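query35.txt (compact mmCIF, C-alpha atoms and all ligand atoms)
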```txt
# COMPACT_ATOMS: atom_id res chain seq x y z
CA MET A 1 -23.98 20.68 -15.38
CA THR A 2 -20.88 21.37 -13.29
CA THR A 3 -19.00 24.60 -14.02
CA ARG A 4 -15.56 25.91 -13.10
CA GLU A 5 -17.29 28.55 -10.97
CA GLY A 6 -19.09 25.77 -9.13
CA CYS A 7 -15.69 24.19 -8.40
CA GLU A 8 -14.38 27.50 -7.08
CA ARG A 9 -17.33 27.64 -4.70
CA LEU A 10 -16.53 24.11 -3.49
CA ASP A 11 -12.96 25.21 -2.79
CA ALA A 12 -14.12 28.30 -0.92
CA ALA A 13 -16.23 26.09 1.35
CA ASP A 14 -13.52 23.43 1.83
CA PRO A 15 -12.57 23.06 5.53
CA LEU A 16 -9.12 21.71 4.54
CA ARG A 17 -8.36 24.78 2.43
CA PRO A 18 -5.73 26.21 4.86
CA LEU A 19 -3.61 23.08 4.56
CA ARG A 20 -2.67 23.74 0.94
CA HIS A 21 -0.35 26.50 2.22
CA GLN A 22 1.52 23.84 4.16
CA PHE A 23 2.94 22.57 0.86
CA ALA A 24 5.62 24.09 -1.36
CA LEU A 25 3.44 24.33 -4.46
CA ALA A 26 4.20 27.92 -5.51
CA ASP A 27 6.51 26.80 -8.30
CA ALA A 28 4.00 24.26 -9.62
CA ASP A 29 1.25 26.90 -9.44
CA ALA A 30 3.40 29.46 -11.28
CA ARG A 31 4.01 26.94 -14.07
CA GLY A 32 0.35 25.92 -14.21
CA VAL A 33 1.20 22.40 -13.02
CA ILE A 34 -1.62 20.36 -11.50
CA TYR A 35 -0.09 17.61 -9.41
CA LEU A 36 -2.19 14.44 -9.40
CA ASP A 37 0.56 12.00 -8.49
CA GLY A 38 0.72 12.36 -4.71
CA ASN A 39 -0.01 8.63 -4.51
CA SER A 40 3.36 7.98 -6.14
CA LEU A 41 5.39 10.77 -4.52
CA GLY A 42 3.64 13.16 -2.16
CA ALA A 43 4.37 16.89 -2.60
CA LEU A 44 7.01 18.67 -0.52
CA PRO A 45 5.67 20.05 2.78
CA ALA A 46 6.64 23.71 3.19
CA ARG A 47 8.30 23.04 6.53
CA THR A 48 10.57 20.22 5.35
CA PRO A 49 13.49 22.21 3.82
CA ALA A 50 14.06 24.28 6.99
CA ARG A 51 13.75 21.23 9.23
CA LEU A 52 16.24 19.28 7.10
CA ALA A 53 18.62 22.24 7.10
CA GLU A 54 18.39 22.30 10.90
CA VAL A 55 19.06 18.57 11.19
CA VAL A 56 22.03 18.86 8.84
CA LYS A 57 23.59 22.10 10.08
CA VAL A 58 22.79 22.05 13.77
CA GLU A 59 22.13 18.47 14.81
CA TRP A 60 24.71 16.86 12.56
CA GLY A 61 27.09 19.77 11.88
CA GLN A 62 27.36 21.01 15.44
CA GLY A 63 25.98 18.19 17.58
CA LEU A 64 27.94 15.51 15.74
CA VAL A 65 27.61 12.04 17.22
CA GLY A 66 26.15 13.44 20.44
CA SER A 67 22.91 14.10 18.55
CA TRP A 68 22.00 10.43 18.78
CA ASN A 69 21.16 11.26 22.39
CA ALA A 70 20.85 15.05 22.57
CA ALA A 71 18.68 15.44 19.45
CA GLU A 72 16.88 12.15 20.21
CA TRP A 73 17.83 10.55 16.91
CA ILE A 74 17.89 7.16 18.57
CA THR A 75 14.16 7.28 19.40
CA LEU A 76 13.05 9.10 16.23
CA ALA A 77 11.85 5.94 14.48
CA ARG A 78 9.56 5.17 17.40
CA ARG A 79 8.34 8.75 17.68
CA VAL A 80 7.37 8.92 14.00
CA GLY A 81 5.90 5.42 14.27
CA ASP A 82 3.65 6.58 17.10
CA LYS A 83 2.51 9.54 15.01
CA ILE A 84 1.67 7.39 11.97
CA ALA A 85 -0.11 4.98 14.33
CA ARG A 86 -2.60 7.75 15.14
CA LEU A 87 -3.54 7.96 11.46
CA VAL A 88 -4.30 4.25 11.06
CA GLY A 89 -6.00 3.21 14.29
CA ALA A 90 -2.92 1.72 15.94
CA GLY A 91 -1.80 2.19 19.52
CA PRO A 92 1.35 3.81 20.90
CA GLY A 93 4.37 1.51 20.94
CA GLU A 94 2.91 -0.77 18.25
CA MET A 95 4.52 0.79 15.18
CA ILE A 96 8.04 1.69 14.11
CA VAL A 97 9.53 3.31 11.01
CA ALA A 98 12.31 1.38 9.30
CA ASP A 99 13.60 0.19 5.95
CA SER A 100 11.38 0.09 2.84
CA THR A 101 7.87 -1.30 2.49
CA SER A 102 9.19 -4.37 0.66
CA ILE A 103 11.66 -5.17 3.45
CA ASN A 104 9.07 -4.58 6.17
CA LEU A 105 6.71 -6.89 4.34
CA PHE A 106 9.37 -9.60 4.41
CA LYS A 107 9.74 -9.19 8.17
CA ALA A 108 6.00 -9.00 8.90
CA LEU A 109 5.25 -12.03 6.72
CA SER A 110 8.06 -13.98 8.38
CA ALA A 111 6.63 -13.21 11.82
CA ALA A 112 3.08 -14.14 10.81
CA ILE A 113 4.22 -17.38 9.19
CA ALA A 114 6.24 -18.34 12.28
CA LEU A 115 3.30 -17.77 14.62
CA VAL A 116 0.77 -19.69 12.51
CA ARG A 117 3.00 -22.61 11.64
CA ARG A 118 4.07 -23.21 15.21
CA ASP A 119 0.60 -24.59 15.91
CA ALA A 120 -0.38 -25.57 12.34
CA PRO A 121 2.70 -26.66 10.38
CA ALA A 122 0.55 -28.04 7.57
CA ARG A 123 -0.64 -24.57 6.60
CA ALA A 124 1.73 -23.92 3.70
CA ARG A 125 0.16 -21.13 1.66
CA ILE A 126 0.43 -17.38 1.54
CA LEU A 127 -2.77 -16.13 -0.09
CA SER A 128 -2.87 -12.89 -2.05
CA GLU A 129 -4.40 -11.22 -5.07
CA HIS A 130 -3.13 -11.50 -8.69
CA THR A 131 -3.20 -7.74 -9.03
CA ASN A 132 -1.37 -6.94 -5.80
CA PHE A 133 1.65 -4.66 -6.16
CA PRO A 134 4.39 -6.76 -7.81
CA SER A 135 7.01 -6.10 -5.12
CA ASP A 136 4.67 -7.56 -2.51
CA LEU A 137 4.15 -10.67 -4.65
CA TYR A 138 7.89 -11.06 -5.31
CA VAL A 139 8.73 -10.83 -1.61
CA ALA A 140 6.00 -13.28 -0.66
CA ASP A 141 6.98 -15.71 -3.40
CA THR A 142 10.63 -15.71 -2.38
CA LEU A 143 9.80 -16.11 1.29
CA ALA A 144 7.32 -18.90 0.52
CA ARG A 145 9.91 -20.81 -1.52
CA ALA A 146 12.52 -20.43 1.22
CA SER A 147 10.02 -21.70 3.82
CA GLY A 148 8.76 -24.72 1.88
CA MET A 149 5.48 -22.94 1.23
CA GLU A 150 3.74 -21.51 -1.83
CA LEU A 151 2.25 -18.20 -2.81
CA VAL A 152 -1.27 -18.60 -4.15
CA THR A 153 -2.97 -15.66 -5.86
CA VAL A 154 -6.63 -15.31 -6.77
CA ASP A 155 -8.78 -12.41 -7.91
CA HIS A 156 -10.48 -9.94 -5.59
CA ASP A 157 -13.76 -11.79 -5.42
CA GLY A 158 -12.16 -15.20 -4.95
CA LEU A 159 -10.39 -14.37 -1.69
CA GLY A 160 -13.12 -15.39 0.74
CA ALA A 161 -13.56 -18.83 -0.82
CA SER A 162 -9.81 -19.47 -0.78
CA LEU A 163 -9.41 -19.02 2.98
CA ASP A 164 -9.11 -22.65 3.99
CA GLU A 165 -7.03 -24.98 6.16
CA HIS A 166 -4.07 -24.79 3.73
CA VAL A 167 -3.56 -21.08 4.20
CA ALA A 168 -1.24 -19.61 6.83
CA VAL A 169 -1.32 -15.92 5.95
CA LEU A 170 -3.55 -13.60 3.94
CA MET A 171 -1.42 -10.79 2.51
CA LEU A 172 -3.28 -7.91 0.89
CA THR A 173 -2.83 -4.29 -0.07
CA GLU A 174 -5.88 -2.45 1.22
CA VAL A 175 -6.11 -0.11 -1.82
CA ASN A 176 -5.00 -1.56 -5.14
CA TYR A 177 -2.24 0.53 -6.70
CA ARG A 178 -3.55 0.19 -10.27
CA THR A 179 -7.33 0.16 -9.86
CA GLY A 180 -7.84 2.08 -6.63
CA ARG A 181 -10.19 -0.66 -5.43
CA LEU A 182 -10.52 -0.83 -1.65
CA HIS A 183 -10.80 -4.02 0.37
CA ASP A 184 -13.05 -4.32 3.41
CA MET A 185 -10.25 -4.84 5.93
CA LYS A 186 -12.50 -5.64 8.85
CA ALA A 187 -14.62 -8.21 7.01
CA LEU A 188 -11.65 -9.94 5.39
CA THR A 189 -9.68 -10.03 8.64
CA HIS A 190 -12.69 -11.53 10.36
CA ALA A 191 -13.09 -14.16 7.63
CA ALA A 192 -9.37 -14.93 7.78
CA HIS A 193 -9.40 -15.41 11.54
CA ALA A 194 -12.47 -17.63 11.32
CA ALA A 195 -10.43 -19.86 8.99
CA GLY A 196 -7.39 -19.84 11.28
CA VAL A 197 -5.47 -17.49 8.96
CA MET A 198 -3.35 -14.52 10.02
CA THR A 199 -3.41 -11.19 8.14
CA VAL A 200 -0.68 -8.91 6.83
CA TRP A 201 -2.03 -5.64 5.37
CA ASP A 202 -0.10 -3.25 3.14
CA LEU A 203 -1.37 0.29 3.74
CA SER A 204 0.82 2.00 1.13
CA HIS A 205 -2.16 3.62 -0.63
CA SER A 206 -4.31 4.02 2.50
CA ALA A 207 -2.24 5.65 5.24
CA GLY A 208 -2.97 9.37 5.24
CA ALA A 209 -5.57 8.99 2.49
CA LEU A 210 -8.57 7.41 4.19
CA PRO A 211 -9.67 6.22 7.62
CA VAL A 212 -7.90 3.00 8.62
CA ASP A 213 -8.67 1.25 11.90
CA LEU A 214 -6.11 -1.52 12.39
CA ASN A 215 -7.08 -2.35 15.96
CA GLY A 216 -10.78 -1.88 15.22
CA ALA A 217 -10.43 -4.43 12.40
CA ALA A 218 -8.48 -6.77 14.73
CA ALA A 219 -5.70 -6.89 12.13
CA ASP A 220 -2.49 -8.75 12.99
CA PHE A 221 0.34 -7.12 11.03
CA ALA A 222 0.65 -4.14 8.69
CA VAL A 223 3.24 -2.26 6.69
CA GLY A 224 3.10 0.83 4.52
CA CYS A 225 4.90 3.46 2.57
CA GLY A 226 6.23 6.83 3.77
CA TYR A 227 6.55 8.73 0.49
CA LYS A 228 3.00 8.54 -0.88
CA PHE A 229 0.12 10.10 1.10
CA LEU A 230 2.41 10.63 4.11
CA ASN A 231 4.51 13.08 2.06
CA GLY A 232 7.83 11.90 3.49
CA GLY A 233 9.89 12.52 0.35
CA PRO A 234 11.59 10.27 -2.22
CA GLY A 235 12.71 7.00 -0.66
CA ALA A 236 11.24 7.88 2.75
CA PRO A 237 11.42 4.94 5.14
CA ALA A 238 8.35 2.77 5.60
CA PHE A 239 6.43 1.62 8.68
CA ILE A 240 5.75 -1.75 10.25
CA TRP A 241 3.06 -2.55 12.79
CA ALA A 242 1.94 -5.54 14.83
CA SER A 243 -1.05 -5.66 17.16
CA GLY A 244 -0.45 -5.72 20.91
CA ALA A 245 -1.50 -9.37 20.95
CA MET A 246 0.98 -10.27 18.20
CA LEU A 247 3.80 -8.31 19.84
CA ALA A 248 3.13 -10.20 23.09
CA ARG A 249 3.24 -13.54 21.26
CA LEU A 250 6.46 -12.63 19.48
CA ASP A 251 7.93 -11.75 22.89
CA ARG A 252 6.78 -15.01 24.47
CA GLU A 253 8.18 -17.07 21.64
CA GLU A 254 11.36 -15.00 21.47
CA TRP A 255 10.84 -14.65 17.73
CA ARG A 256 13.91 -13.46 15.85
CA SER A 257 13.60 -11.27 12.82
CA PRO A 258 15.14 -12.90 9.73
CA LEU A 259 17.10 -9.63 9.46
CA SER A 260 18.42 -9.68 13.00
CA GLY A 261 20.69 -6.66 13.11
CA TRP A 262 22.22 -4.94 16.08
CA LEU A 263 19.60 -2.22 16.59
CA GLY A 264 16.92 -4.89 16.95
CA HIS A 265 18.92 -6.40 19.80
CA ALA A 266 17.64 -6.19 23.37
CA ASP A 267 20.80 -4.31 24.39
CA PRO A 268 22.64 -3.04 21.32
CA PHE A 269 25.34 -1.19 23.23
CA ALA A 270 26.32 -4.27 25.20
CA PHE A 271 27.87 -5.36 21.87
CA SER A 272 27.22 -8.96 22.76
CA PRO A 273 28.34 -11.55 20.20
CA THR A 274 25.00 -13.34 20.52
CA TYR A 275 21.66 -12.06 19.31
CA ARG A 276 18.82 -11.52 21.74
CA PRO A 277 15.76 -9.83 20.21
CA ALA A 278 14.48 -6.56 21.64
CA SER A 279 10.98 -6.81 23.05
CA GLY A 280 7.98 -5.22 21.35
CA VAL A 281 8.05 -3.58 17.97
CA ASP A 282 11.79 -2.77 18.28
CA ARG A 283 12.54 -6.37 17.34
CA PHE A 284 11.67 -5.44 13.73
CA VAL A 285 14.60 -3.04 13.53
CA CYS A 286 17.70 -4.18 11.71
CA GLY A 287 20.30 -1.43 11.28
CA THR A 288 20.76 2.30 11.75
CA PRO A 289 17.77 4.46 10.77
CA PRO A 290 18.16 7.12 8.00
CA ILE A 291 17.85 10.21 10.21
CA LEU A 292 17.55 12.79 7.40
CA SER A 293 14.79 10.82 5.72
CA LEU A 294 13.06 10.18 9.02
CA ALA A 295 13.12 13.88 9.86
CA ALA A 296 11.53 14.64 6.48
CA LEU A 297 8.88 11.97 7.03
CA GLU A 298 8.02 13.46 10.40
CA CYS A 299 7.32 16.80 8.69
CA GLY A 300 4.90 15.12 6.26
CA VAL A 301 3.11 13.25 9.03
CA ASP A 302 2.87 16.40 11.15
CA VAL A 303 0.95 18.16 8.37
CA LEU A 304 -1.56 15.30 8.37
CA LEU A 305 -1.89 15.48 12.13
CA GLU A 306 -2.62 19.21 11.82
CA ALA A 307 -5.67 18.25 9.78
CA ASN A 308 -7.11 16.91 13.04
CA ALA A 309 -8.07 20.44 14.03
CA LEU A 310 -9.98 20.74 10.72
CA GLY A 311 -11.92 17.49 10.98
CA GLY A 312 -9.09 15.01 10.54
CA ILE A 313 -9.08 11.91 8.41
CA ALA A 314 -12.90 11.81 8.15
CA THR A 315 -12.86 15.24 6.49
CA ILE A 316 -9.96 14.16 4.28
CA ARG A 317 -12.01 11.16 3.16
CA GLU A 318 -15.09 13.26 2.53
CA LYS A 319 -13.13 15.65 0.32
CA SER A 320 -11.36 12.78 -1.44
CA ILE A 321 -14.73 11.30 -2.38
CA GLY A 322 -15.97 14.71 -3.53
CA LEU A 323 -12.90 15.18 -5.74
CA ALA A 324 -13.20 11.70 -7.23
CA GLU A 325 -16.94 12.05 -7.91
CA LEU A 326 -16.26 15.36 -9.65
CA PHE A 327 -13.43 13.82 -11.69
CA ILE A 328 -15.52 10.86 -12.80
CA ASP A 329 -18.60 12.98 -13.61
CA LEU A 330 -16.55 15.48 -15.63
CA VAL A 331 -14.80 12.75 -17.61
CA GLN A 332 -18.16 11.20 -18.40
CA GLN A 333 -19.69 14.57 -19.36
CA ARG A 334 -16.78 16.04 -21.28
CA CYS A 335 -14.56 13.22 -22.61
CA ALA A 336 -17.16 10.84 -24.01
CA GLY A 337 -16.41 9.14 -27.34
CA HIS A 338 -12.67 8.79 -26.74
CA GLU A 339 -12.58 5.14 -25.64
CA LEU A 340 -11.84 5.93 -21.99
CA SER A 341 -13.27 3.53 -19.41
CA LEU A 342 -13.44 3.86 -15.66
CA VAL A 343 -11.24 1.31 -13.88
CA THR A 344 -11.82 2.54 -10.32
CA PRO A 345 -15.08 1.29 -8.74
CA ARG A 346 -18.02 3.66 -9.28
CA GLU A 347 -19.11 3.18 -5.67
CA PRO A 348 -17.16 5.63 -3.46
CA SER A 349 -16.94 3.29 -0.47
CA HIS A 350 -15.16 0.73 -2.69
CA ARG A 351 -12.25 2.91 -3.69
CA GLY A 352 -9.21 4.68 -2.25
CA SER A 353 -8.06 8.19 -3.16
CA GLN A 354 -7.35 7.82 -6.85
CA VAL A 355 -9.23 7.74 -10.12
CA CYS A 356 -8.00 5.33 -12.77
CA LEU A 357 -9.12 5.30 -16.38
CA SER A 358 -8.07 2.94 -19.09
CA HIS A 359 -7.55 3.43 -22.80
CA PRO A 360 -7.19 0.39 -25.06
CA ALA A 361 -4.21 1.56 -27.10
CA ALA A 362 -2.85 4.91 -26.04
CA ALA A 363 -2.81 5.25 -22.24
CA TYR A 364 0.93 5.93 -22.15
CA PRO A 365 1.09 8.70 -24.80
CA ILE A 366 -2.07 10.34 -23.45
CA VAL A 367 -0.47 10.55 -19.99
CA GLN A 368 2.71 12.02 -21.53
CA ALA A 369 0.74 14.59 -23.53
CA LEU A 370 -1.17 15.53 -20.38
CA ILE A 371 2.08 15.96 -18.46
CA ALA A 372 3.26 18.27 -21.26
CA ARG A 373 0.10 20.29 -20.58
CA GLY A 374 0.98 20.41 -16.89
CA VAL A 375 -1.30 17.68 -15.54
CA VAL A 376 0.93 15.22 -13.71
CA GLY A 377 -0.68 11.82 -13.37
CA ASP A 378 0.99 8.54 -14.23
CA PHE A 379 0.70 5.51 -16.47
CA ARG A 380 0.43 2.02 -15.03
CA ALA A 381 1.01 -0.87 -17.39
CA PRO A 382 -0.66 -2.09 -19.45
CA ASP A 383 -3.39 0.49 -20.11
CA VAL A 384 -4.14 2.65 -17.07
CA LEU A 385 -4.10 6.43 -16.67
CA ARG A 386 -3.84 7.01 -12.91
CA PHE A 387 -4.74 10.23 -11.09
CA GLY A 388 -4.05 10.53 -7.37
CA LEU A 389 -6.17 12.89 -5.30
CA THR A 390 -4.50 14.34 -2.21
CA PRO A 391 -7.19 16.26 -0.29
CA LEU A 392 -4.56 18.23 1.65
CA TYR A 393 -3.62 20.13 -1.48
CA THR A 394 -5.73 19.03 -4.46
CA ARG A 395 -8.48 21.58 -5.20
CA PHE A 396 -11.79 21.12 -6.96
CA VAL A 397 -10.65 23.61 -9.63
CA ASP A 398 -7.57 21.42 -10.17
CA VAL A 399 -9.89 18.56 -11.06
CA TRP A 400 -11.85 20.82 -13.39
CA ASP A 401 -8.71 22.06 -15.13
CA ALA A 402 -7.19 18.58 -15.34
CA VAL A 403 -10.25 17.14 -17.08
CA ASP A 404 -10.42 20.22 -19.29
CA ARG A 405 -6.85 19.58 -20.44
CA LEU A 406 -7.56 15.87 -20.84
CA LYS A 407 -10.42 16.80 -23.18
CA GLN A 408 -8.08 19.08 -25.16
CA VAL A 409 -5.44 16.34 -25.45
CA LEU A 410 -8.04 13.86 -26.68
CA GLU A 411 -9.84 16.21 -29.07
CA SER A 412 -6.67 17.63 -30.62
CA GLY A 413 -5.11 14.18 -30.98
CA GLU A 414 -1.83 15.75 -29.88
CA TRP A 415 -0.93 12.59 -27.96
CA ARG A 416 -0.20 11.00 -31.36
CA ALA A 417 3.05 13.01 -31.64
CA PRO A 418 5.96 10.52 -31.70
CA LYS A 419 7.70 12.19 -28.74
CA TYR A 420 4.89 11.06 -26.43
CA ALA A 421 5.51 7.41 -27.26
CA VAL A 422 9.09 7.50 -25.95
CA GLN A 423 9.27 5.38 -22.81
CA THR A 424 11.06 6.84 -19.78
CA LEU A 425 12.78 4.75 -17.09
CA VAL A 426 10.16 5.65 -14.49
CA THR A 427 6.52 5.85 -15.62
C1 LIG B 501 4.53 1.94 -3.17
C2 LIG B 501 4.34 0.54 -2.72
C3 LIG B 501 5.40 -0.20 -2.26
C4 LIG B 501 6.78 0.40 -2.26
O1 LIG B 501 7.73 -0.45 -1.78
P1 LIG B 501 9.22 0.05 -1.53
O2 LIG B 501 9.86 -1.11 -0.93
O3 LIG B 501 9.10 1.24 -0.59
O4 LIG B 501 9.78 0.48 -2.83
C5 LIG B 501 5.16 -1.49 -1.81
N1 LIG B 501 3.92 -2.01 -1.85
C6 LIG B 501 2.86 -1.31 -2.30
C7 LIG B 501 1.51 -1.91 -2.33
C8 LIG B 501 3.04 -0.02 -2.78
O5 LIG B 501 2.02 0.67 -3.26
```

Would you mind writing the structure in this file as structure tokens?
Ligand SMILES: *Cc1c(COP(=O)(O)O)cnc(C)c1O
Amino acid sequence: MTTREGCERLDAADPLRPLRHQFALADADARGVIYLDGNSLGALPARTPARLAEVVKVEWGQGLVGSWNAAEWITLARRVGDKIARLVGAGPGEMIVADSTSINLFKALSAAIALVRRDAPARARILSEHTNFPSDLYVADTLARASGMELVTVDHDGLGASLDEHVAVLMLTEVNYRTGRLHDMKALTHAAHAAGVMTVWDLSHSAGALPVDLNGAAADFAVGCGYKFLNGGPGAPAFIWASGAMLARLDREEWRSPLSGWLGHADPFAFSPTYRPASGVDRFVCGTPPILSLAALECGVDVLLEANALGGIATIREKSIGLAELFIDLVQQRCAGHELSLVTPREPSHRGSQVCLSHPAAAYPIVQALIARGVVGDFRAPDVLRFGLTPLYTRFVDVWDAVDRLKQVLESGEWRAPKYAVQTLVT
């Protein structure tokens, strides 16, 4: 039987232990808060406030407009893109940070559709999963309608059989936001290519959380989120990637982004009245990048890159699996008889870095009662209690304490208090 002392020993032996100090968690610790929602909004890196103050006071306050050149603001989106690329198996010059994930998905899907339909105009489907993140489905549906195509969704296990001559693009999120289930990117990309289908991957719940090998999987396009496991802060800009082969094809075909703004122009400061796309990944840029948010994102990504000296993403994955196994075992040992079921796959290689439970009637109030006891997870409609595990700062004792408080919430029935049924705007 696992004990809290056993968890303390696991923490003492954890190679990533020094990284917890890279996060501003002193206030949470002082209040007894256990943060298990880094997959919704990553915690604040300790270095971010000083860096932002420097960007504001020195680069903006003193440098003024000259900082576009002198402080290298104009190349920041590429610099951060190159850093994120190292975390997901992409090459330098293949990724850029811009806009939100939803907007980048629109651009990546548009590019993929254009390339496929040039040679195969009859391919008129975007294929995805019913349970994909709604924003991804909305964007794909709107784009499909505007392009005379249709969005077709199937369930996880039906994807392979649906890859046929009608499909142009397979659009998937590698780790499902609500179940934590992980797709086999390499196998699905291979199956898609064999059927003449291009792939667009959303890495929102993968980047910074588990090993991703975009080029190793021969993926075509990818996008992902900056404020989850990359710890870039609320509303951090997102990233967009295309393989070297796709970037070369977009160049050859002079593909224009559907959001063809001036900073995606080949020569923005020529102020030409006619649009000519920049070459390479820069063609995905539309307007001016949010420098403050980009600077904050760089801080979050730098912390992840520091983990390289401690074993890198493989060690992060190993700890993530250890944390999740502990969480699942403890829930099974200590919270039996309370109608909780495991939603996340039991097999570690089939899941991302979260544990999701379901409760038939009371998932929302149980999550609220847990938050009142300092365990911050979140509720995902209709019945899921979601707990994100961020190996950079989540400790094994945090998992112990979180499950201990979950047991108290369930046994006391305190979640039945009417205040926990009140719905907030953000869940
Ligand atoms: C978090 C997330 C997003 C977020 O999109 P925004 O445009 O940044 O709000 C998109 N897709 C997936 C799969 C996500 O998990």

Exercise. Let me have all residues with an atom within 8 Å of ligand LIG 501 (chain B), counting all atoms listed in the file, laid out as JSON, numbers by chain.
Key: {"A": [40, 99, 100, 101, 102, 103, 104, 132, 133, 134, 135, 136, 173, 175, 176, 177, 202, 203, 204, 205, 224, 225, 226, 227, 228, 235, 236, 237, 238]}

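Residue nearest Val367 in chain A within the list A:Ile328, A:Leu410, A:Leu44, A:Val116: A:Leu410 [criterion: smallest interatomic distance, all atoms listed in the file].
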
Quiz item: Using only C-alpha atoms, which of the listed residues (A:Phe284, A:Asp267, A:Ala402, A:Pro348) sits closest to Gly374 in chain A?
Solution: A:Ala402

Quiz item: Ser147 in chain A: which residues within 10 Å, counting all atoms listed in the file, same-chain residues fewer than 6 positions away excluded, as a ChimeraX atom specification?
Solution: /A:110,113-114,124,141

Leaving out Ala26 in chain A and any residue of its chain fewer than 4 positions from it, which residues lie within 12 Å of it when counting all atoms listed in the file, given as an mmCIF file with C-alpha atoms, in the coordinates of the input?
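Final output, saved to selection.cif:
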```cif
data_model
loop_
_atom_site.group_PDB
_atom_site.id
_atom_site.type_symbol
_atom_site.label_atom_id
_atom_site.label_comp_id
_atom_site.auth_asym_id
_atom_site.auth_seq_id
_atom_site.Cartn_x
_atom_site.Cartn_y
_atom_site.Cartn_z
ATOM 1 C CA ARG A 20 -2.670 23.740 0.940
ATOM 2 C CA HIS A 21 -0.350 26.500 2.220
ATOM 3 C CA GLN A 22 1.520 23.840 4.160
ATOM 4 C CA ALA A 30 3.400 29.460 -11.280
ATOM 5 C CA ARG A 31 4.010 26.940 -14.070
ATOM 6 C CA GLY A 32 0.350 25.920 -14.210
ATOM 7 C CA VAL A 33 1.200 22.400 -13.020
ATOM 8 C CA ILE A 34 -1.620 20.360 -11.500
ATOM 9 C CA TYR A 35 -0.090 17.610 -9.410
ATOM 10 C CA ALA A 43 4.370 16.890 -2.600
ATOM 11 C CA LEU A 44 7.010 18.670 -0.520
ATOM 12 C CA PRO A 45 5.670 20.050 2.780
ATOM 13 C CA ALA A 46 6.640 23.710 3.190
ATOM 14 C CA TYR A 393 -3.620 20.130 -1.480
#
```

Quiz prompt | Of the listed residues A:Arg86, A:Arg405, A:His338, A:Lys107, that which approaches Ile371 in chain A most closely, counting all atoms listed in the file | solution = A:Arg405
